[in-house]
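A short worksheet on the structure shown next.
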Protein chains: 2
Amino acid sequence: MTSLNTFPTPALVLDRSRLLANITRMDERAVELGVSLRPHLKTAKNIDIARLLDGERSSGITVSTLKEAEYFAEHGIRDILYAVSVVPAALPRISRLLQGGVRLQVILDQLTTATQLAQATTSFTSPLEVLIEIDTDGHRAGVEPADPELVRIAQALDQAPGLSLRGVLTHAGGSYGCRTRAQLEDHAEQERSRCVAAAQRLRDAGLPCPVVSVGSTPTALSARHLQGVTELRAGVYVFFDLFQAGLNVCSLEDLSLSVLTSVISHKHSSRRLIIDAGGLALSKDHSTAELPDDCGYGLVAEAGTGQIVPGLKVTAAFQEHGVIQLQDAADFSRFPVGSRLRILPNHACMTAAAHENYLLIDGGETVIDVWQRVNGW
Amino acid sequence: MTSLNTFPTPALVLDRSRLLANITRMDERAVELGVSLRPHLKTAKNIDIARLLDGERSSGITVSTLKEAEYFAEHGIRDILYAVSVVPAALPRISRLLQGGVRLQVILDQLTTATQLAQATTSFTSPLEVLIEIDTDGHRAGVEPADPELVRIAQALDQAPGLSLRGVLTHAGGSYGCRTRAQLEDHAEQERSRCVAAAQRLRDAGLPCPVVSVGSTPTALSARHLQGVTELRAGVYVFFDLFQAGLNVCSLEDLSLSVLTSVISHKHSSRRLIIDAGGLALSKDHSTAELPDDCGYGLVAEAGTGQIVPGLKVTAAFQEHGVIQLQDAADFSRFPVGSRLRILPNHACMTAAAHENYLLIDGGETVIDVWQRVNGW
């Protein structure tokens with residue numbers, strides 16, 4: 001058994017017990033809401049976690065890059081939703097996945113794309129399944145439920161011999177702007193009702209819409225009900241992070257991901273610890289600045305126990321240097337140069353992306369496994 | 001010959017002519033200032049660029065991670081300065097590099113570290129060369145020139161049989177806070193004079209100090225002179241970026257790095273283009289927000305020519321989605337779904353770090369080579 005102490009820093013640490021508890025929580029949530037869960041692997045980007053997520057359900061996964069799709073397909077996952085608007089240039093890679101026996105679903109929100117895809121897939125032996133992305137909160141992409149374009153896109157998909165219209169999908173990214181439980185519940189209801197309304201418009205036009213897919217971690221954990229929805233997607237809940245804790249959809253004790261770092265310098269004159277986790281190891285994501293508790297570039301925890309050190313955060317992040325402003329000069333002796341800490345990230349998806357693997361622990365300091373990540377595109 | 005059009009997006013694009021011009025500019029600058037140049041590879045992280053930088057000089061390189069040091073050593077570079085405070089836990093990797101015949105220099109700013117290193121290197125057959133990091137602007141790490149600790153650290157290093165005191169080093173990161181040419185010149189002079197003063201204190205104490213190393217791209221390009229300095233370090237100048245252009249140490253036409261992206265959606269209701277370069281492909285660095293011209297998460301250029309499209313920038317960055325707010329609805333027809341753009345980054349070091357390689361072009365759209373990067377730690 002190897003200790004965390006023997007690994008170079010900075011490094012990504014993942015706590016197995018917390019990970020499993022987070023997985024169970026969302027599984028139970030999906031059962032409670034009566035929908036299937038299609039976890040979004042954009043956060044974890046790892047097959048070991050995908051297998052834990054899959055469990056006995058085999059209801060498939062969601063990915064954000066074709067590289068993830070290819071990686072998970074190589075590792076045996078056969079049901080993959082690629083949830084970023086597809087463009088025709090992606091078809092060769094998609095076609096290879098389909099030919100490899102993977103059930104791959106794609107999304108789009110443009111009539112032009114639907115038409116181009118229809119033309120480009122006429123020779124496909126099994127149809128490419130397509131969902132239409134719905135905009136339920138003006139956050140990002142998607143066609144609005146009342147937009148006449150919605151039915152036109154659906155008709156173009158339905159009439160194309162190489163395509164199969166599967167339904168509608170939305171992501172309530174605007175939920176990150178909510179600040180209270182009531183706002184989150186309302187946002188989840190808006191996501192649900194508008195996506196269901198879009199599905200109804202398709203059915204009213206005589207079109208198939210077996211799938212109604214919604215999701216974001218905050219709305220998944222806040223929805224009062226999901227009537228009319230068939231599928232829930234969420235990703236960051238496997239790790240949670242300071243932003244999610246700031247939204248009160250998890251507690252700080254739920255955070256399963258952290259960055260192991262070494263104290264590399266004491267700046268007595270400015271009362272600062274310098275650590276070797278900077279903007280690359282933590283990311284420059286400073287999203288908690290929008291929340292009541294600005295966590296800087298991360299909160300500080302003890303390396304061994306993972307216990308949060310009250311009052312400390314990473315106040316500045318250069319490329320390879322992080323700065324922790326101390327309240328009390330006596331703290332220098334608590335954190336000698338060469339000692340180690342762990343940093344809890346603002347946004348787990350962004351922080352994890354700089355790292356090639358996870359050091360898996362289970363509460364203590366023993367590294368029980370090393371899990372790889374699939375970064376890039 | 002392969003066109004940029006055939007590569008999946010997002011992808012990192014590097015313009016060879018601009019790269020070479022930037023390299024020549026800093027080479028000439030070092031000659032003009034009468035110092036040797038030790039380029040910092042923390043930005044490029046690639047051996048092909050290291051070889052272009054090295055030219056006939058063979059004066060060595062600077063790195064920010066031991067992984068970079070190991071990579072460049074494997075590729076034949078024998079003189080490497082690891083310019084992040086060393087901790088004793090790094091010694092096994094350092095020792096392997098030394099045993100492999102690499103001349104590796106390290107830096108530190110703590111008496112404790114010097115003492116620990118002295119004890120840990122008694123069995124080293126060739127001494128580990130050490131520079132003392134000097135704080136010349138309160139920006140990050142380093143011992144201040146007037147701090148009595150400086151001479152104590154130097155004495156500890158000088159007396160250790162396994163260590164060799166090589167001199168002093170500083171990084172004027174505070175130069176990023178300058179806003180005028182006069183401020184930059186003054187900051188460069190402060191960096192120079194304080195680092196030279198630190199060197200003088202060592203010599204006054206009868207200690208060796210052959211190396212006086214300074215550097216940051218803005219100060220390197222602004223220094224009125226570098227009397228007393230022996231070595232200049234800089235890194236981001238090989239690519240430059242929007243932040244450097246905002247400091248007026250380069251023009252927008254000097255930027256050699258960009259991110260190739262596809263338009264994946266048109267949001268007519270909010271007049272937005274959605275692209276497939278988001279916070280991962282561009283980084284969440286929003287440093288130009290501090291400058292008069294806030295470039296959002298990057299300026300927009302034509303994919304083929306690299307010409308900047310006036311008035312457009314990436315106004316929001318989600319994990320895999322970027323948003324470009326259009327001024328004029330007529331612009332939708334200029335940038336159809338499926339068309340491609342290039343995004344100029346705020347901070348090249350952060351943006352490049354998400355990518356595994358560079359697509360090398362030379363003005364046009366033809367990819368003349370693909371160069372690898374060494375990310376991680």
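Residue numbers start at 1 in each chain; chains themselves are named A, B, ... in the order of the structure tokens; ligands are numbered from 1 in the order shown.
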Could the residues of chain A within 6 Å of chain B, counting only C-alpha atoms, be given as a ChimeraX atom specification, please? /A:85,87,264,284-285,338
Can I get the selection written as a compact mmCIF listing (two decimals), in the first residue's frame, with C-alpha atoms?
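Below you can see part_14.txt, which holds the result:
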# COMPACT_ATOMS: atom_id res chain seq x y z
CA SER A 85 -24.45 20.11 -30.82
CA VAL A 87 -21.71 19.33 -36.81
CA ILE A 264 6.95 25.35 -1.07
CA LYS A 284 -8.58 29.71 -13.09
CA ASP A 285 -12.26 29.08 -12.38
CA GLY A 338 7.56 20.71 2.54
Name the residues of region 24-199 of chain B that fall into alpha helix (DSSP H) according to DSSP on the backbone, using the chain letters and numbers of this document, as a ChimeraX atom specification. /B:24-33,47-54,66-74,91-99,111-120,149-159,181-199
In region 320-356 of chain A, what's strand (DSSP E or B) per DSSP? Answer as a ChimeraX atom specification? /A:322-325,340-344
Include all heavy atoms and write out the residues we just selected as a PDB file, in the first residue's frame.
ATOM      1  N   GLY A 322       0.356  28.728  -6.029  1.00  0.00           N
ATOM      2  CA  GLY A 322      -0.844  29.216  -5.378  1.00  0.00           C
ATOM      3  C   GLY A 322      -0.442  29.972  -4.126  1.00  0.00           C
ATOM      4  O   GLY A 322       0.615  29.715  -3.547  1.00  0.00           O
ATOM      5  N   VAL A 323      -1.293  30.910  -3.709  1.00  0.00           N
ATOM      6  CA  VAL A 323      -1.015  31.716  -2.519  1.00  0.00           C
ATOM      7  C   VAL A 323      -2.139  31.498  -1.517  1.00  0.00           C
ATOM      8  O   VAL A 323      -3.313  31.601  -1.876  1.00  0.00           O
ATOM      9  CB  VAL A 323      -0.934  33.212  -2.878  1.00  0.00           C
ATOM     10  CG1 VAL A 323      -0.816  34.066  -1.622  1.00  0.00           C
ATOM     11  CG2 VAL A 323       0.226  33.475  -3.827  1.00  0.00           C
ATOM     12  N   ILE A 324      -1.775  31.170  -0.283  1.00  0.00           N
ATOM     13  CA  ILE A 324      -2.754  31.066   0.805  1.00  0.00           C
ATOM     14  C   ILE A 324      -2.439  32.170   1.807  1.00  0.00           C
ATOM     15  O   ILE A 324      -1.367  32.176   2.415  1.00  0.00           O
ATOM     16  CB  ILE A 324      -2.690  29.688   1.496  1.00  0.00           C
ATOM     17  CG1 ILE A 324      -3.032  28.577   0.498  1.00  0.00           C
ATOM     18  CG2 ILE A 324      -3.622  29.648   2.705  1.00  0.00           C
ATOM     19  CD1 ILE A 324      -2.784  27.166   1.027  1.00  0.00           C
ATOM     20  N   GLN A 325      -3.363  33.107   1.933  1.00  0.00           N
ATOM     21  CA  GLN A 325      -3.169  34.201   2.884  1.00  0.00           C
ATOM     22  C   GLN A 325      -3.494  33.689   4.275  1.00  0.00           C
ATOM     23  O   GLN A 325      -4.586  33.186   4.505  1.00  0.00           O
ATOM     24  CB  GLN A 325      -4.110  35.354   2.504  1.00  0.00           C
ATOM     25  CG  GLN A 325      -3.866  36.630   3.261  1.00  0.00           C
ATOM     26  CD  GLN A 325      -2.577  37.311   2.823  1.00  0.00           C
ATOM     27  OE1 GLN A 325      -2.326  37.489   1.647  1.00  0.00           O
ATOM     28  NE2 GLN A 325      -1.742  37.669   3.794  1.00  0.00           N
ATOM     29  N   ARG A 340       2.244  19.070   3.387  1.00  0.00           N
ATOM     30  CA  ARG A 340       1.250  18.963   2.321  1.00  0.00           C
ATOM     31  C   ARG A 340      -0.144  19.357   2.777  1.00  0.00           C
ATOM     32  O   ARG A 340      -0.500  19.227   3.948  1.00  0.00           O
ATOM     33  CB  ARG A 340       1.252  17.532   1.772  1.00  0.00           C
ATOM     34  CG  ARG A 340       2.545  17.259   1.009  1.00  0.00           C
ATOM     35  CD  ARG A 340       2.684  15.849   0.532  1.00  0.00           C
ATOM     36  NE  ARG A 340       3.782  15.764  -0.410  1.00  0.00           N
ATOM     37  CZ  ARG A 340       3.853  14.909  -1.419  1.00  0.00           C
ATOM     38  NH1 ARG A 340       2.881  14.041  -1.616  1.00  0.00           N
ATOM     39  NH2 ARG A 340       4.885  14.906  -2.226  1.00  0.00           N
ATOM     40  N   LEU A 341      -0.917  19.814   1.814  1.00  0.00           N
ATOM     41  CA  LEU A 341      -2.303  20.197   2.054  1.00  0.00           C
ATOM     42  C   LEU A 341      -3.142  19.636   0.918  1.00  0.00           C
ATOM     43  O   LEU A 341      -2.609  19.139  -0.070  1.00  0.00           O
ATOM     44  CB  LEU A 341      -2.423  21.732   2.072  1.00  0.00           C
ATOM     45  CG  LEU A 341      -1.706  22.456   3.216  1.00  0.00           C
ATOM     46  CD1 LEU A 341      -1.610  23.947   2.936  1.00  0.00           C
ATOM     47  CD2 LEU A 341      -2.449  22.216   4.533  1.00  0.00           C
ATOM     48  N   ARG A 342      -4.458  19.731   1.075  1.00  0.00           N
ATOM     49  CA  ARG A 342      -5.325  19.452  -0.070  1.00  0.00           C
ATOM     50  C   ARG A 342      -6.213  20.669  -0.316  1.00  0.00           C
ATOM     51  O   ARG A 342      -6.650  21.309   0.636  1.00  0.00           O
ATOM     52  CB  ARG A 342      -6.171  18.207   0.186  1.00  0.00           C
ATOM     53  CG  ARG A 342      -5.374  16.934  -0.074  1.00  0.00           C
ATOM     54  CD  ARG A 342      -6.301  15.756  -0.286  1.00  0.00           C
ATOM     55  NE  ARG A 342      -6.375  14.924   0.893  1.00  0.00           N
ATOM     56  CZ  ARG A 342      -7.426  14.174   1.204  1.00  0.00           C
ATOM     57  NH1 ARG A 342      -8.515  14.191   0.447  1.00  0.00           N
ATOM     58  NH2 ARG A 342      -7.418  13.412   2.281  1.00  0.00           N
ATOM     59  N   ILE A 343      -6.482  20.939  -1.579  1.00  0.00           N
ATOM     60  CA  ILE A 343      -7.306  22.089  -1.952  1.00  0.00           C
ATOM     61  C   ILE A 343      -8.605  21.580  -2.561  1.00  0.00           C
ATOM     62  O   ILE A 343      -8.597  20.763  -3.489  1.00  0.00           O
ATOM     63  CB  ILE A 343      -6.574  22.995  -2.977  1.00  0.00           C
ATOM     64  CG1 ILE A 343      -5.161  23.346  -2.487  1.00  0.00           C
ATOM     65  CG2 ILE A 343      -7.401  24.253  -3.255  1.00  0.00           C
ATOM     66  CD1 ILE A 343      -5.094  24.094  -1.183  1.00  0.00           C
ATOM     67  N   LEU A 344      -9.723  22.064  -2.011  1.00  0.00           N
ATOM     68  CA  LEU A 344     -11.039  21.705  -2.553  1.00  0.00           C
ATOM     69  C   LEU A 344     -11.377  22.676  -3.671  1.00  0.00           C
ATOM     70  O   LEU A 344     -11.280  23.888  -3.485  1.00  0.00           O
ATOM     71  CB  LEU A 344     -12.099  21.784  -1.451  1.00  0.00           C
ATOM     72  CG  LEU A 344     -11.828  20.910  -0.221  1.00  0.00           C
ATOM     73  CD1 LEU A 344     -12.904  21.136   0.832  1.00  0.00           C
ATOM     74  CD2 LEU A 344     -11.783  19.437  -0.618  1.00  0.00           C
TER      75      LEU A 344
END
Just the number, please: distance in Å from CA of Ser59 (chain B) to CA of Asp186 (chain B), one decimal.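 CA of Ser59 (chain B) sits 27.5 Å away from CA of Asp186 (chain B).
Taking CA of Ala234 (chain B) and CA of Leu19 (chain B) as the two end points, the separation is 14.2 Å.
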Kindly give the distance, in Å, that separates CA of Ser3 (chain A) and CA of Gly364 (chain A), rounded to a single decimal.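 CA of Ser3 (chain A) sits 9.0 Å away from CA of Gly364 (chain A).
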Identify, on the basis of only C-alpha atoms, every residue whose closest approach to Gln105 (chain B) does not exceed 7 Å; exclude the query and any residue fewer than 4 positions from it along the same chain; express the result as a short mmCIF file (atom, residue, chain, number, x, y, z; two decimals) with all heavy atoms, in the first residue's frame.
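result22.cif, written as the output of this step:
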data_model
loop_
_atom_site.label_atom_id
_atom_site.label_comp_id
_atom_site.auth_asym_id
_atom_site.auth_seq_id
_atom_site.Cartn_x
_atom_site.Cartn_y
_atom_site.Cartn_z
N ILE B 80 19.24 22.65 -17.71
CA ILE B 80 17.85 22.96 -17.36
C ILE B 80 17.78 23.63 -15.99
O ILE B 80 18.35 23.13 -15.02
CB ILE B 80 17.00 21.67 -17.35
CG1 ILE B 80 17.03 20.99 -18.74
CG2 ILE B 80 15.57 21.97 -16.94
CD1 ILE B 80 16.35 19.63 -18.80
N LEU B 81 17.08 24.75 -15.94
CA LEU B 81 16.80 25.43 -14.67
C LEU B 81 15.34 25.16 -14.30
O LEU B 81 14.44 25.52 -15.06
CB LEU B 81 17.03 26.94 -14.85
CG LEU B 81 16.48 27.85 -13.75
CD1 LEU B 81 17.14 27.59 -12.41
CD2 LEU B 81 16.66 29.32 -14.15
N TYR B 82 15.15 24.53 -13.14
CA TYR B 82 13.79 24.26 -12.66
C TYR B 82 13.41 25.41 -11.72
O TYR B 82 13.87 25.47 -10.57
CB TYR B 82 13.78 22.90 -11.94
CG TYR B 82 12.52 22.58 -11.17
CD1 TYR B 82 11.26 22.79 -11.71
CD2 TYR B 82 12.59 22.03 -9.89
CE1 TYR B 82 10.11 22.50 -11.00
CE2 TYR B 82 11.45 21.71 -9.17
CZ TYR B 82 10.22 21.95 -9.72
OH TYR B 82 9.08 21.66 -9.01
N LEU B 128 24.53 19.62 -6.55
CA LEU B 128 23.31 20.21 -7.12
C LEU B 128 23.44 21.73 -7.08
O LEU B 128 23.70 22.31 -6.03
CB LEU B 128 22.10 19.75 -6.29
CG LEU B 128 20.74 20.34 -6.66
CD1 LEU B 128 20.33 19.99 -8.08
CD2 LEU B 128 19.68 19.85 -5.66
N GLU B 129 23.28 22.35 -8.23
CA GLU B 129 23.43 23.81 -8.31
C GLU B 129 22.14 24.49 -7.87
O GLU B 129 21.05 24.10 -8.29
CB GLU B 129 23.79 24.22 -9.74
CG GLU B 129 25.14 23.66 -10.18
CD GLU B 129 25.48 24.04 -11.61
OE1 GLU B 129 25.29 25.23 -11.96
OE2 GLU B 129 25.92 23.16 -12.36
N VAL B 130 22.28 25.53 -7.04
CA VAL B 130 21.12 26.20 -6.46
C VAL B 130 21.21 27.71 -6.65
O VAL B 130 22.27 28.31 -6.44
CB VAL B 130 20.99 25.89 -4.95
CG1 VAL B 130 19.69 26.46 -4.40
CG2 VAL B 130 21.06 24.38 -4.68
#
Tell me, as a ChimeraX atom specification, which residues lie within 12 Å of Pro345 (chain A), counting only C-alpha atoms; anything in the same chain fewer than 5 positions away does not count. /A:12-13,236,239-246,252,255-260,277-279,281-288,294-301,313-314,350-353
Those residues you just picked out, can you put them in a file as a short mmCIF file (atom, residue, chain, number, x, y, z; two decimals), in the first residue's frame with C-alpha atoms?
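To be explicit, this is the file written out as result00.cif:
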data_model
loop_
_atom_site.label_atom_id
_atom_site.label_comp_id
_atom_site.auth_asym_id
_atom_site.auth_seq_id
_atom_site.Cartn_x
_atom_site.Cartn_y
_atom_site.Cartn_z
CA LEU A 12 -5.70 14.92 -7.99
CA VAL A 13 -7.11 12.96 -5.05
CA VAL A 236 -20.59 17.01 -11.34
CA PHE A 239 -17.39 14.85 -7.05
CA PHE A 240 -19.42 17.93 -6.10
CA ASP A 241 -17.39 21.11 -5.54
CA LEU A 242 -17.40 24.44 -3.74
CA PHE A 243 -19.83 25.98 -6.22
CA GLN A 244 -22.35 23.18 -5.66
CA ALA A 245 -21.85 23.50 -1.90
CA GLY A 246 -22.42 27.24 -2.29
CA LEU A 252 -18.61 20.49 2.11
CA LEU A 255 -16.76 16.84 -1.85
CA SER A 256 -14.87 13.77 -3.07
CA LEU A 257 -12.25 15.56 -5.17
CA SER A 258 -9.26 17.61 -4.03
CA VAL A 259 -5.81 18.62 -5.21
CA LEU A 260 -2.84 17.45 -3.17
CA ALA A 277 -0.90 24.16 -6.94
CA GLY A 278 -1.57 27.21 -9.09
CA GLY A 279 -3.80 28.12 -11.99
CA ALA A 281 -3.52 22.49 -11.12
CA LEU A 282 -6.62 24.23 -9.74
CA SER A 283 -7.88 25.99 -12.90
CA LYS A 284 -8.58 29.71 -13.09
CA ASP A 285 -12.26 29.08 -12.38
CA HIS A 286 -13.31 31.56 -9.70
CA SER A 287 -17.04 30.92 -9.91
CA THR A 288 -17.61 31.10 -6.14
CA ASP A 294 -16.06 33.53 -2.15
CA CYS A 295 -13.70 30.57 -1.81
CA GLY A 296 -10.91 32.16 -3.85
CA TYR A 297 -9.32 29.43 -5.95
CA GLY A 298 -10.18 26.77 -3.39
CA LEU A 299 -10.55 25.96 0.30
CA VAL A 300 -7.72 24.37 2.24
CA ALA A 301 -7.91 20.93 3.87
CA LYS A 313 -8.37 29.67 1.06
CA VAL A 314 -6.21 30.02 -2.02
CA MET A 350 -12.39 22.44 -14.73
CA THR A 351 -9.92 21.42 -12.03
CA ALA A 352 -9.90 17.73 -12.90
CA ALA A 353 -9.25 18.52 -16.58
#
Write out as a compact mmCIF listing (two decimals) with C-alpha atoms, in the first residue's frame each polymer residue whose atoms come within 10 Å of Phe72 (chain B), counting only C-alpha atoms; drop sequence neighbours fewer than 5 positions from it.
# COMPACT_ATOMS: atom_id res chain seq x y z
CA LEU B 41 9.50 26.48 -21.70
CA LYS B 45 6.22 22.69 -23.34
CA ASN B 46 7.47 21.28 -26.64
CA ILE B 47 10.85 20.09 -27.88
CA ALA B 50 12.89 24.37 -27.54
CA ILE B 61 16.31 26.44 -20.81
CA VAL B 63 11.11 24.85 -16.88
CA LEU B 66 9.89 18.30 -13.17
CA LYS B 67 7.88 16.57 -15.86
CA ILE B 77 18.54 19.13 -23.61
CA ARG B 78 21.34 19.06 -21.03
CA ASP B 79 21.10 22.42 -19.23
CA ILE B 80 17.85 22.96 -17.36
CA VAL B 102 21.71 16.70 -17.11
CA VAL B 374 4.16 17.81 -22.20
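The closest residue to Leu165 (chain B), picked from B:Pro208, B:Pro145, B:Gly100, B:Gly228 and counting only C-alpha atoms, is B:Pro208.
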Given only C-alpha atoms as the basis, pick out the residue of A:Thr315, A:Thr115, A:Ser333, A:Thr230 nearest to Arg166 (chain A).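 Smallest separation from Arg166 (chain A) among the options: A:Thr230.
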Taking only C-alpha atoms into account, name the residue in B:Ala156, B:Arg271, B:Val238, B:Thr219 that is nearest to Ser175 (chain B). B:Thr219
